>>> print(open('data-v6.pdb').read())   # PDB, C-alpha atoms
MODEL        1
ATOM      1  CA  MET A 354     195.074  42.985  39.155
ATOM      2  CA  SER A 355     196.542  39.683  40.279
ATOM      3  CA  ALA A 356     194.729  36.350  40.319
ATOM      4  CA  LEU A 357     194.689  36.425  44.110
ATOM      5  CA  THR A 358     193.053  39.863  44.232
ATOM      6  CA  ARG A 359     190.496  38.942  41.624
ATOM      7  CA  GLY A 360     189.736  35.659  43.388
ATOM      8  CA  THR A 361     189.219  37.506  46.674
ATOM      9  CA  GLY A 362     186.886  40.031  45.057
ATOM     10  CA  CYS A 363     184.828  37.359  43.339
ATOM     11  CA  GLY A 364     184.697  35.345  46.580
ATOM     12  CA  ILE A 365     183.398  38.275  48.634
ATOM     13  CA  VAL A 366     180.664  39.107  46.101
ATOM     14  CA  LEU A 367     179.775  35.410  45.889
ATOM     15  CA  GLY A 368     179.557  35.194  49.699
ATOM     16  CA  LEU A 369     177.138  38.132  49.885
ATOM     17  CA  ALA A 370     175.062  36.909  46.935
ATOM     18  CA  LEU A 371     174.844  33.369  48.313
ATOM     19  CA  VAL A 372     173.564  34.560  51.700
ATOM     20  CA  LEU A 373     170.892  36.687  49.994
ATOM     21  CA  LEU A 374     170.027  33.807  47.678
ATOM     22  CA  GLY A 375     169.834  31.468  50.672
ATOM     23  CA  GLN A 376     167.171  33.746  52.122
ATOM     24  CA  GLN A 377     165.275  33.740  48.847
ATOM     25  CA  PHE A 378     165.238  29.937  48.804
ATOM     26  CA  GLY A 379     164.249  29.706  52.464
ATOM     27  CA  PHE A 380     167.522  28.473  53.974
ATOM     28  CA  VAL A 381     168.434  31.662  55.859
ATOM     29  CA  ASP A 382     166.310  34.004  57.965
ATOM     30  CA  LEU A 383     167.244  37.636  57.318
ATOM     31  CA  SER A 384     164.408  39.324  59.184
ATOM     32  CA  ARG A 385     166.543  40.559  62.112
ATOM     33  CA  LEU A 386     169.117  43.233  61.383
ATOM     34  CA  THR A 387     171.970  42.064  63.623
ATOM     35  CA  ALA A 388     171.687  38.428  62.622
ATOM     36  CA  SER A 389     171.474  39.421  58.945
ATOM     37  CA  ILE A 390     174.641  41.507  59.139
ATOM     38  CA  GLU A 391     176.411  38.641  60.906
ATOM     39  CA  TYR A 392     175.394  36.230  58.149
ATOM     40  CA  LEU A 393     176.531  38.640  55.424
ATOM     41  CA  VAL A 394     179.897  39.405  57.048
ATOM     42  CA  LEU A 395     180.519  35.715  57.723
ATOM     43  CA  GLY A 396     179.611  34.797  54.147
ATOM     44  CA  ALA A 397     181.864  37.512  52.734
ATOM     45  CA  ILE A 398     184.829  36.503  54.917
ATOM     46  CA  VAL A 399     184.540  32.759  54.307
ATOM     47  CA  MET A 400     184.008  33.092  50.576
ATOM     48  CA  GLY A 401     186.650  35.831  50.321
ATOM     49  CA  VAL A 402     189.278  33.575  51.875
ATOM     50  CA  LEU A 403     188.135  30.661  49.729
ATOM     51  CA  GLY A 404     188.206  32.841  46.607
ATOM     52  CA  ALA A 405     191.685  34.093  47.480
ATOM     53  CA  ILE A 406     192.976  30.535  47.836
ATOM     54  CA  ILE A 407     191.340  29.432  44.580
ATOM     55  CA  GLY A 408     192.592  32.508  42.709
ATOM     56  CA  TRP A 409     196.106  32.134  44.070
ATOM     57  CA  ARG A 410     196.192  28.418  43.200
ATOM     58  CA  LEU A 411     194.848  28.983  39.684
ATOM     59  CA  GLY A 412     197.215  31.887  39.158
ATOM     60  CA  ARG A 413     200.209  29.763  40.107
ATOM     61  CA  GLY A 414     199.270  27.025  37.666
ATOM     62  CA  HIS A 415     198.678  29.400  34.778
ATOM     63  CA  ARG A 416     201.499  29.938  32.299
ATOM     64  CA  PRO A 417     201.144  33.215  30.389
ATOM     65  CA  PRO A 418     201.151  32.858  26.610
ATOM     66  CA  ALA A 419     204.530  33.269  24.934
ATOM     67  CA  PRO A 420     204.942  36.675  23.258
ATOM     68  CA  SER A 421     204.589  36.560  19.508
ATOM     69  CA  LYS A 422     207.567  37.299  17.272
ATOM     70  CA  ASN A 423     205.896  40.364  15.804
ATOM     71  CA  ALA A 424     205.444  41.877  19.243
ATOM     72  CA  ALA A 425     209.108  42.854  19.395
TER      73      ALA A 425
ATOM     74  CA  MET B1085     194.136  25.218  27.597
ATOM     75  CA  GLY B1086     192.024  28.418  27.660
ATOM     76  CA  ARG B1087     189.100  26.739  25.970
ATOM     77  CA  ARG B1088     189.272  23.893  28.464
ATOM     78  CA  ARG B1089     189.099  26.423  31.326
ATOM     79  CA  ASP B1090     186.090  28.082  29.664
ATOM     80  CA  THR B1091     184.275  24.752  29.520
ATOM     81  CA  ARG B1092     185.214  23.961  33.117
ATOM     82  CA  GLY B1093     183.930  27.343  34.312
ATOM     83  CA  ALA B1094     180.653  27.053  32.448
ATOM     84  CA  THR B1095     180.123  23.489  33.701
ATOM     85  CA  ALA B1096     180.796  24.513  37.301
ATOM     86  CA  ALA B1097     178.367  27.425  37.010
ATOM     87  CA  LEU B1098     175.695  25.194  35.507
ATOM     88  CA  LEU B1099     176.178  22.590  38.252
ATOM     89  CA  PHE B1100     175.941  25.282  40.887
ATOM     90  CA  VAL B1101     172.632  26.567  39.538
ATOM     91  CA  LEU B1102     171.267  23.030  39.304
ATOM     92  CA  ILE B1103     172.237  22.323  42.924
ATOM     93  CA  LEU B1104     170.542  25.529  44.060
ATOM     94  CA  ALA B1105     167.384  24.733  42.118
ATOM     95  CA  LEU B1106     167.343  21.170  43.502
ATOM     96  CA  GLY B1107     167.829  22.443  47.048
ATOM     97  CA  SER B1108     165.013  24.901  46.578
ATOM     98  CA  ILE B1109     162.653  22.197  45.292
ATOM     99  CA  LEU B1110     163.587  19.827  48.132
ATOM    100  CA  THR B1111     163.053  22.537  50.722
ATOM    101  CA  GLY B1112     159.650  23.313  49.263
ATOM    102  CA  SER B1113     158.552  19.678  49.330
ATOM    103  CA  ALA B1114     159.845  19.102  52.860
ATOM    104  CA  ARG B1115     157.845  22.030  54.224
ATOM    105  CA  PRO B1116     154.799  20.845  56.187
ATOM    106  CA  ASN B1117     151.394  21.603  54.755
ATOM    107  CA  LEU B1118     149.633  23.777  57.293
ATOM    108  CA  SER B1119     146.391  24.324  55.488
ATOM    109  CA  HIS B1120     144.363  22.749  58.295
ATOM    110  CA  ASN B1121     143.064  24.807  61.225
ATOM    111  CA  ALA B1122     145.500  24.321  64.047
ATOM    112  CA  GLY B1123     144.138  24.967  67.504
ATOM    113  CA  LEU B1124     141.690  27.692  66.638
ATOM    114  CA  THR B1125     139.604  27.183  69.726
ATOM    115  CA  ALA B1126     142.276  28.095  72.262
ATOM    116  CA  PHE B1127     143.113  31.708  72.901
ATOM    117  CA  ILE B1128     146.813  32.296  72.941
ATOM    118  CA  PRO B1129     148.245  34.374  75.777
ATOM    119  CA  ALA B1130     149.668  37.680  74.652
ATOM    120  CA  ALA B1131     153.110  37.056  73.213
ATOM    121  CA  SER B1132     154.200  40.505  74.327
ATOM    122  CA  GLY B1133     152.973  39.896  77.863
ATOM    123  CA  GLY B1134     150.291  42.510  77.295
ATOM    124  CA  PRO B1135     146.914  42.809  79.027
ATOM    125  CA  ILE B1136     144.802  41.071  76.387
ATOM    126  CA  ARG B1137     144.672  37.558  74.948
ATOM    127  CA  ALA B1138     144.452  37.103  71.211
ATOM    128  CA  TYR B1139     145.069  34.883  68.237
ATOM    129  CA  VAL B1140     145.323  35.509  64.511
ATOM    130  CA  THR B1141     144.527  33.186  61.643
ATOM    131  CA  TRP B1142     146.305  33.293  58.271
ATOM    132  CA  ASP B1143     143.906  31.887  55.692
ATOM    133  CA  GLY B1144     142.374  29.824  58.484
ATOM    134  CA  THR B1145     145.635  28.669  60.075
ATOM    135  CA  ASN B1146     146.599  29.868  63.523
ATOM    136  CA  VAL B1147     149.864  31.776  63.155
ATOM    137  CA  THR B1148     151.236  30.338  66.407
ATOM    138  CA  SER B1149     151.900  27.145  64.456
ATOM    139  CA  ALA B1150     154.594  29.030  62.497
ATOM    140  CA  THR B1151     156.686  30.764  65.143
ATOM    141  CA  THR B1152     159.986  29.430  63.737
ATOM    142  CA  ALA B1153     161.494  29.769  60.274
ATOM    143  CA  SER B1154     161.498  25.994  59.826
ATOM    144  CA  SER B1155     157.735  25.806  60.433
ATOM    145  CA  ALA B1156     156.911  28.781  58.187
ATOM    146  CA  LEU B1157     153.514  28.874  56.500
ATOM    147  CA  SER B1158     153.762  28.249  52.769
ATOM    148  CA  THR B1159     152.096  30.955  50.770
ATOM    149  CA  ASN B1160     152.056  32.747  47.467
ATOM    150  CA  PHE B1161     152.310  36.526  47.330
ATOM    151  CA  ALA B1162     150.150  36.607  44.223
ATOM    152  CA  SER B1163     147.051  35.544  46.145
ATOM    153  CA  THR B1164     144.965  37.580  48.582
ATOM    154  CA  ILE B1165     145.454  36.378  52.148
ATOM    155  CA  THR B1166     142.751  36.741  54.756
ATOM    156  CA  LEU B1167     143.847  37.433  58.306
ATOM    157  CA  VAL B1168     141.379  37.371  61.167
ATOM    158  CA  TYR B1169     142.332  38.880  64.513
ATOM    159  CA  HIS B1170     140.387  37.698  67.587
ATOM    160  CA  TRP B1171     140.999  39.215  70.978
ATOM    161  CA  SER B1172     139.488  39.089  74.458
ATOM    162  CA  SER B1173     140.227  40.433  77.909
ATOM    163  CA  THR B1174     138.878  40.412  81.423
ATOM    164  CA  SER B1175     138.559  44.202  81.387
ATOM    165  CA  ASN B1176     137.479  46.684  78.719
ATOM    166  CA  TYR B1177     139.954  48.068  76.191
ATOM    167  CA  ASN B1178     139.892  50.388  73.206
ATOM    168  CA  VAL B1179     141.442  48.346  70.400
ATOM    169  CA  SER B1180     141.331  50.458  67.278
ATOM    170  CA  ASP B1181     143.986  49.047  64.970
ATOM    171  CA  ALA B1182     145.007  45.600  63.759
ATOM    172  CA  ARG B1183     148.443  45.758  62.107
ATOM    173  CA  LEU B1184     150.490  43.413  59.959
ATOM    174  CA  GLN B1185     154.182  44.102  59.295
ATOM    175  CA  MET B1186     156.543  42.175  57.066
ATOM    176  CA  LEU B1187     160.144  42.481  58.225
ATOM    177  CA  TYR B1188     163.347  42.299  56.195
ATOM    178  CA  PHE B1189     166.736  43.172  57.714
ATOM    179  CA  GLY B1190     164.823  44.360  60.775
ATOM    180  CA  TYR B1191     162.840  46.954  58.855
ATOM    181  CA  ALA B1192     159.198  46.850  57.841
ATOM    182  CA  LEU B1193     159.063  46.000  54.161
ATOM    183  CA  SER B1194     155.292  46.225  54.163
ATOM    184  CA  THR B1195     152.774  47.501  56.724
ATOM    185  CA  ARG B1196     149.030  47.040  56.538
ATOM    186  CA  ASP B1197     146.448  48.296  59.041
ATOM    187  CA  VAL B1198     142.771  47.737  59.605
ATOM    188  CA  VAL B1199     141.525  50.699  61.623
ATOM    189  CA  ASP B1200     138.331  51.022  63.598
ATOM    190  CA  SER B1201     137.664  54.762  63.382
ATOM    191  CA  ASN B1202     135.243  54.796  66.294
ATOM    192  CA  PRO B1203     136.353  52.207  68.849
ATOM    193  CA  GLN B1204     134.286  51.555  71.961
ATOM    194  CA  PRO B1205     135.698  50.094  75.175
ATOM    195  CA  THR B1206     134.894  46.402  75.160
ATOM    196  CA  ASN B1207     136.352  43.116  76.347
ATOM    197  CA  ASN B1208     136.545  41.289  72.996
ATOM    198  CA  GLY B1209     136.581  41.932  69.284
ATOM    199  CA  THR B1210     137.486  40.779  65.805
ATOM    200  CA  PHE B1211     139.284  42.402  62.882
ATOM    201  CA  THR B1212     139.378  40.984  59.371
ATOM    202  CA  MET B1213     142.142  41.959  56.963
ATOM    203  CA  ALA B1214     142.544  41.043  53.304
ATOM    204  CA  TRP B1215     146.250  41.370  52.545
ATOM    205  CA  GLN B1216     147.902  41.459  49.159
ATOM    206  CA  ALA B1217     151.653  41.731  48.809
ATOM    207  CA  GLY B1218     151.258  43.806  45.660
ATOM    208  CA  ALA B1219     154.501  44.481  43.783
ATOM    209  CA  LEU B1220     156.438  42.232  46.178
ATOM    210  CA  ASP B1221     155.019  39.285  44.230
ATOM    211  CA  TYR B1222     157.276  40.173  41.300
ATOM    212  CA  LEU B1223     160.214  41.140  43.482
ATOM    213  CA  LEU B1224     160.772  38.668  46.302
ATOM    214  CA  GLU B1225     160.361  35.186  47.560
ATOM    215  CA  GLY B1226     161.769  33.343  50.541
ATOM    216  CA  THR B1227     161.159  33.145  54.274
ATOM    217  CA  PHE B1228     159.996  36.307  56.026
ATOM    218  CA  ARG B1229     159.095  37.191  59.581
ATOM    219  CA  LEU B1230     155.748  38.917  60.012
ATOM    220  CA  THR B1231     154.393  40.650  63.087
ATOM    221  CA  VAL B1232     150.707  40.972  63.877
ATOM    222  CA  SER B1233     149.726  43.482  66.540
ATOM    223  CA  LEU B1234     146.679  45.060  68.134
ATOM    224  CA  LEU B1235     146.975  48.750  68.924
ATOM    225  CA  THR B1236     145.078  51.363  70.914
ATOM    226  CA  PRO B1237     144.069  54.749  69.408
ATOM    227  CA  THR B1238     147.338  56.146  70.823
ATOM    228  CA  SER B1239     149.286  53.493  68.843
ATOM    229  CA  THR B1240     150.278  51.583  71.976
ATOM    230  CA  ALA B1241     150.694  47.883  71.258
ATOM    231  CA  LEU B1242     148.414  45.808  73.470
ATOM    232  CA  TRP B1243     149.432  42.509  71.924
ATOM    233  CA  ASN B1244     151.767  41.262  69.231
ATOM    234  CA  GLN B1245     152.908  37.978  67.778
ATOM    235  CA  ASP B1246     155.745  37.059  65.397
ATOM    236  CA  PHE B1247     155.411  34.289  62.852
ATOM    237  CA  TYR B1248     157.067  33.182  59.606
ATOM    238  CA  VAL B1249     155.824  32.669  56.089
ATOM    239  CA  HIS B1250     157.605  31.154  53.133
ATOM    240  CA  ALA B1251     156.542  32.828  49.898
ATOM    241  CA  SER B1252     157.183  30.960  46.680
ATOM    242  CA  ALA B1253     157.711  32.553  43.302
ATOM    243  CA  PRO B1254     156.340  30.894  40.163
ATOM    244  CA  LEU B1255     158.707  28.044  39.109
ATOM    245  CA  LYS B1256     160.714  28.728  42.302
ATOM    246  CA  VAL B1257     162.872  31.529  40.868
ATOM    247  CA  LEU B1258     160.614  33.758  38.755
ATOM    248  CA  ALA B1259     160.934  36.904  40.837
ATOM    249  CA  ALA B1260     163.307  39.802  40.168
ATOM    250  CA  ILE B1261     165.676  39.490  43.136
ATOM    251  CA  PRO B1262     166.378  35.730  42.852
ATOM    252  CA  ILE B1263     166.957  36.052  39.106
ATOM    253  CA  ILE B1264     169.437  38.905  39.620
ATOM    254  CA  LEU B1265     171.185  37.011  42.414
ATOM    255  CA  VAL B1266     171.483  33.827  40.338
ATOM    256  CA  LEU B1267     172.999  35.846  37.477
ATOM    257  CA  ILE B1268     175.478  37.480  39.866
ATOM    258  CA  VAL B1269     176.444  34.094  41.319
ATOM    259  CA  VAL B1270     176.999  32.594  37.844
ATOM    260  CA  TYR B1271     179.048  35.606  36.702
ATOM    261  CA  GLU B1272     181.204  35.687  39.823
ATOM    262  CA  THR B1273     181.725  31.911  39.812
ATOM    263  CA  TYR B1274     182.941  32.178  36.225
ATOM    264  CA  GLY B1275     185.151  35.114  37.215
ATOM    265  CA  LEU B1276     186.601  33.124  40.103
ATOM    266  CA  LEU B1277     187.337  30.070  37.995
ATOM    267  CA  THR B1278     189.027  32.155  35.316
ATOM    268  CA  SER B1279     190.929  34.359  37.760
ATOM    269  CA  GLY B1280     194.090  32.350  37.074
ATOM    270  CA  ARG B1281     194.320  33.975  33.654
ATOM    271  CA  GLU B1282     194.998  37.370  35.155
ATOM    272  CA  PRO B1283     198.496  38.475  34.142
ATOM    273  CA  ALA B1284     200.969  38.419  36.969
ATOM    274  CA  PRO B1285     201.982  41.874  38.223
ATOM    275  CA  PRO B1286     205.172  43.093  36.530
ATOM    276  CA  LYS B1287     208.293  42.231  38.445
ATOM    277  CA  GLU B1288     210.220  45.202  39.721
ATOM    278  CA  PRO B1289     213.628  45.520  38.054
ATOM    279  CA  ARG B1290     216.556  44.565  40.224
ATOM    280  CA  PRO B1291     218.569  47.518  41.489
ATOM    281  CA  ALA B1292     221.651  48.055  39.324
ATOM    282  CA  ALA B1293     224.964  47.027  40.823
ATOM    283  CA  PRO B1294     227.050  50.023  41.972
ATOM    284  CA  ALA B1295     229.485  51.176  39.306
ATOM    285  CA  PRO B1296     233.077  50.310  40.199
ATOM    286  CA  SER B1297     235.403  53.239  40.905
ATOM    287  CA  THR B1298     238.032  54.221  38.317
ATOM    288  CA  ALA B1299     240.955  53.303  40.582
ATOM    289  CA  ASP B1300     239.619  49.864  41.119
ATOM    290  CA  SER B1301     238.939  49.379  37.467
ATOM    291  CA  LYS B1302     242.474  50.360  36.661
ATOM    292  CA  ALA B1303     243.913  48.064  39.296
ATOM    293  CA  LYS B1304     241.847  45.155  38.122
ATOM    294  CA  SER B1305     242.211  45.821  34.424
ATOM    295  CA  PRO B1306     242.442  42.509  32.689
ATOM    296  CA  ASP B1307     244.227  43.846  29.647
ATOM    297  CA  PRO B1308     248.003  43.168  29.995
ATOM    298  CA  LYS B1309     248.790  45.623  27.177
ATOM    299  CA  VAL B1310     247.416  48.515  29.200
ATOM    300  CA  GLU B1311     249.650  47.591  32.135
ATOM    301  CA  GLU B1312     252.742  47.452  29.923
ATOM    302  CA  ALA B1313     252.071  50.873  28.430
ATOM    303  CA  GLU B1314     251.718  52.431  31.843
ATOM    304  CA  SER B1315     255.029  51.002  33.058
TER     305      SER B1315
ENDMDL
END
>>> encode(input="data-v6.pdb", output="structure tokens")
Amino acid sequence: MSALTRGTGCGIVLGLALVLLGQQFGFVDLSRLTASIEYLVLGAIVMGVLGAIIGWRLGRGHRPPAPSKNAA
Amino acid sequence: MGRRRDTRGATAALLFVLILALGSILTGSARPNLSHNAGLTAFIPAASGGPIRAYVTWDGTNVTSATTASSALSTNFASTITLVYHWSSTSNYNVSDARLQMLYFGYALSTRDVVDSNPQPTNNGTFTMAWQAGALDYLLEGTFRLTVSLLTPTSTALWNQDFYVHASAPLKVLAAIPIILVLIVVYETYGLLTSGREPAPPKEPRPAAPAPSTADSKAKSPDPKVEEAES
């Protein structure tokens, strides 16, 4: 799994969890079905894109460790 | 390098939780205190446009003062809440059921009824309901929409009204769902910040160059001795 894929996955889960947590702390009203689904989809998309960008950026900057001599 | 990333991830997660907790506390303190009786004397026209006029009090507060999420009534699911339904009409009606529904994602999370088993046609009445959230106290907090309604024996709604309550958990987060969600957020934030350590996908090997034909190899043979022998 690449850094971009993992970042996207984490971002989508974070987006869903943050919307649900926002309801628990009183920021978001999730009592109507349509509005709730809209909030969840929007959260997942926004955080998924953000996670993809963060993952891609972090993955670019990361240098994999050099293979040890014994590995050969 | 890796240890520095670990520290950065943990710090970001900790900051995130602190911001959430702070936001929650600020929201709680900014919420208006609606413990006084707001406009109890006036009957409220039926919100559903029905034939009767009614109002409902939530621990003494008229629920029409909390018709938006921002003006939600602060409450605690651990306590018993007393709801009083008052209704009146110009003509006689059989009102047999006072109902309270708590909605989440459009579905009734909890429904409570006070039923008059032998209703008589009359032009006014009162129902008193003592409501306890039960297990929801340990499960949920947050802002919820509730619907109060008055029904006939055939379950036809004569009147209904939506309002909002904000239920607080002990210490703001001590309910099952918020705790699970906070743990998920911390775990996924850490996963996101360490996603750069994922190994890059293996590069596909380049396609091998086509092998040169024997004639060509002979023609372009760099060895002068071979050429001499052939001649």
>>> resolve_selection(input="data-v6.pdb", expression="the PyMOL selection byres ((chain B and resi 1187-1203) around 8)", output="VMD selection string")
(chain A and resid 383 to 387 389) or (chain B and resid 1178 to 1186 1204 to 1205 1211 to 1213 1215 1217 1228 to 1231)
>>> write_last_selection(input="data-v6.pdb", atoms="C-alpha atoms", output="CSV table (one decimal), keeping the file's coordinate frame")
chain,number,residue,atom,x,y,z
A,383,LEU,CA,167.2,37.6,57.3
A,384,SER,CA,164.4,39.3,59.2
A,385,ARG,CA,166.5,40.6,62.1
A,386,LEU,CA,169.1,43.2,61.4
A,387,THR,CA,172.0,42.1,63.6
A,389,SER,CA,171.5,39.4,58.9
B,1178,ASN,CA,139.9,50.4,73.2
B,1179,VAL,CA,141.4,48.3,70.4
B,1180,SER,CA,141.3,50.5,67.3
B,1181,ASP,CA,144.0,49.0,65.0
B,1182,ALA,CA,145.0,45.6,63.8
B,1183,ARG,CA,148.4,45.8,62.1
B,1184,LEU,CA,150.5,43.4,60.0
B,1185,GLN,CA,154.2,44.1,59.3
B,1186,MET,CA,156.5,42.2,57.1
B,1204,GLN,CA,134.3,51.6,72.0
B,1205,PRO,CA,135.7,50.1,75.2
B,1211,PHE,CA,139.3,42.4,62.9
B,1212,THR,CA,139.4,41.0,59.4
B,1213,MET,CA,142.1,42.0,57.0
B,1215,TRP,CA,146.2,41.4,52.5
B,1217,ALA,CA,151.7,41.7,48.8
B,1228,PHE,CA,160.0,36.3,56.0
B,1229,ARG,CA,159.1,37.2,59.6
B,1230,LEU,CA,155.7,38.9,60.0
B,1231,THR,CA,154.4,40.6,63.1
>>> closest_residue(input="data-v6.pdb", among="A:Ile365, A:Ile390, A:Gly379, A:Met400", to="chain B", atoms="all atoms listed in the file")
A:Gly379
>>> interface_residues(input="data-v6.pdb", of="chain B", to="chain A", cutoff="7 Å", atoms="all atoms listed in the file", output="list in words")
Ser1108, Ala1153, Leu1187, Tyr1188, Phe1189, Gly1190, Glu1225, Gly1226, Thr1227, Phe1228, Arg1229, His1250, Pro1262, Leu1265, Val1269, Glu1272, Gly1275, Leu1276, Ser1279, Gly1280, Arg1281, Glu1282, Pro1283, Ala1284 and Pro1285 of chain B
>>> atom_distance(input="data-v6.pdb", atom1="atom CA of A:Val402", atom2="atom CA of B:Thr1278")
16.6 Å
>>> resolve_selection(input="data-v6.pdb", expression="the PyMOL selection byres ((chain B and resi 1176) around 9)", output="PyMOL selection string")
chain B and resi 1172-1175+1177-1178+1204-1208
>>> atom_distance(input="data-v6.pdb", atom1="atom CA of B:Gly1218", atom2="atom CA of B:Ala1162")
7.4 Å
>>> atom_distance(input="data-v6.pdb", atom1="atom CA of B:Ile1263", atom2="atom CA of B:Ser1163")
21.1 Å
>>> resolve_selection(input="data-v6.pdb", expression="the PyMOL selection byres ((chain B and resi 1140) around 10)", output="list in words")
Leu1124, Phe1127, Ile1128, Ala1138, Tyr1139, Thr1141, Trp1142, Asp1143, Gly1144, Thr1145, Asn1146, Val1147, Thr1148, Leu1167, Val1168, Tyr1169, His1170, Trp1171, Thr1210, Phe1211, Thr1212, Val1232, Ser1233, Asn1244 and Gln1245 of chain B
>>> residues_around(input="data-v6.pdb", residues="B:Ala1150", least_positions_apart="5", cutoff="6 Å", atoms="all atoms listed in the file", output="number ranges by chain")
B: 1155-1156, 1247-1248
>>> residues_around(input="data-v6.pdb", residues="B:Leu1242", least_positions_apart="5", cutoff="7 Å", atoms="only C-alpha atoms", output="PyMOL selection string")
chain B and resi 1134-1136+1234-1236
>>> axis_aligned_box(input="data-v6.pdb", around="stretch 1183-1188 of chain B", padding_each_side="5 Å", output="lines of an AutoDock Vina configuration file")
center_x = 155.9
center_y = 44.0
center_z = 59.2
size_x = 24.9
size_y = 13.6
size_z = 15.9
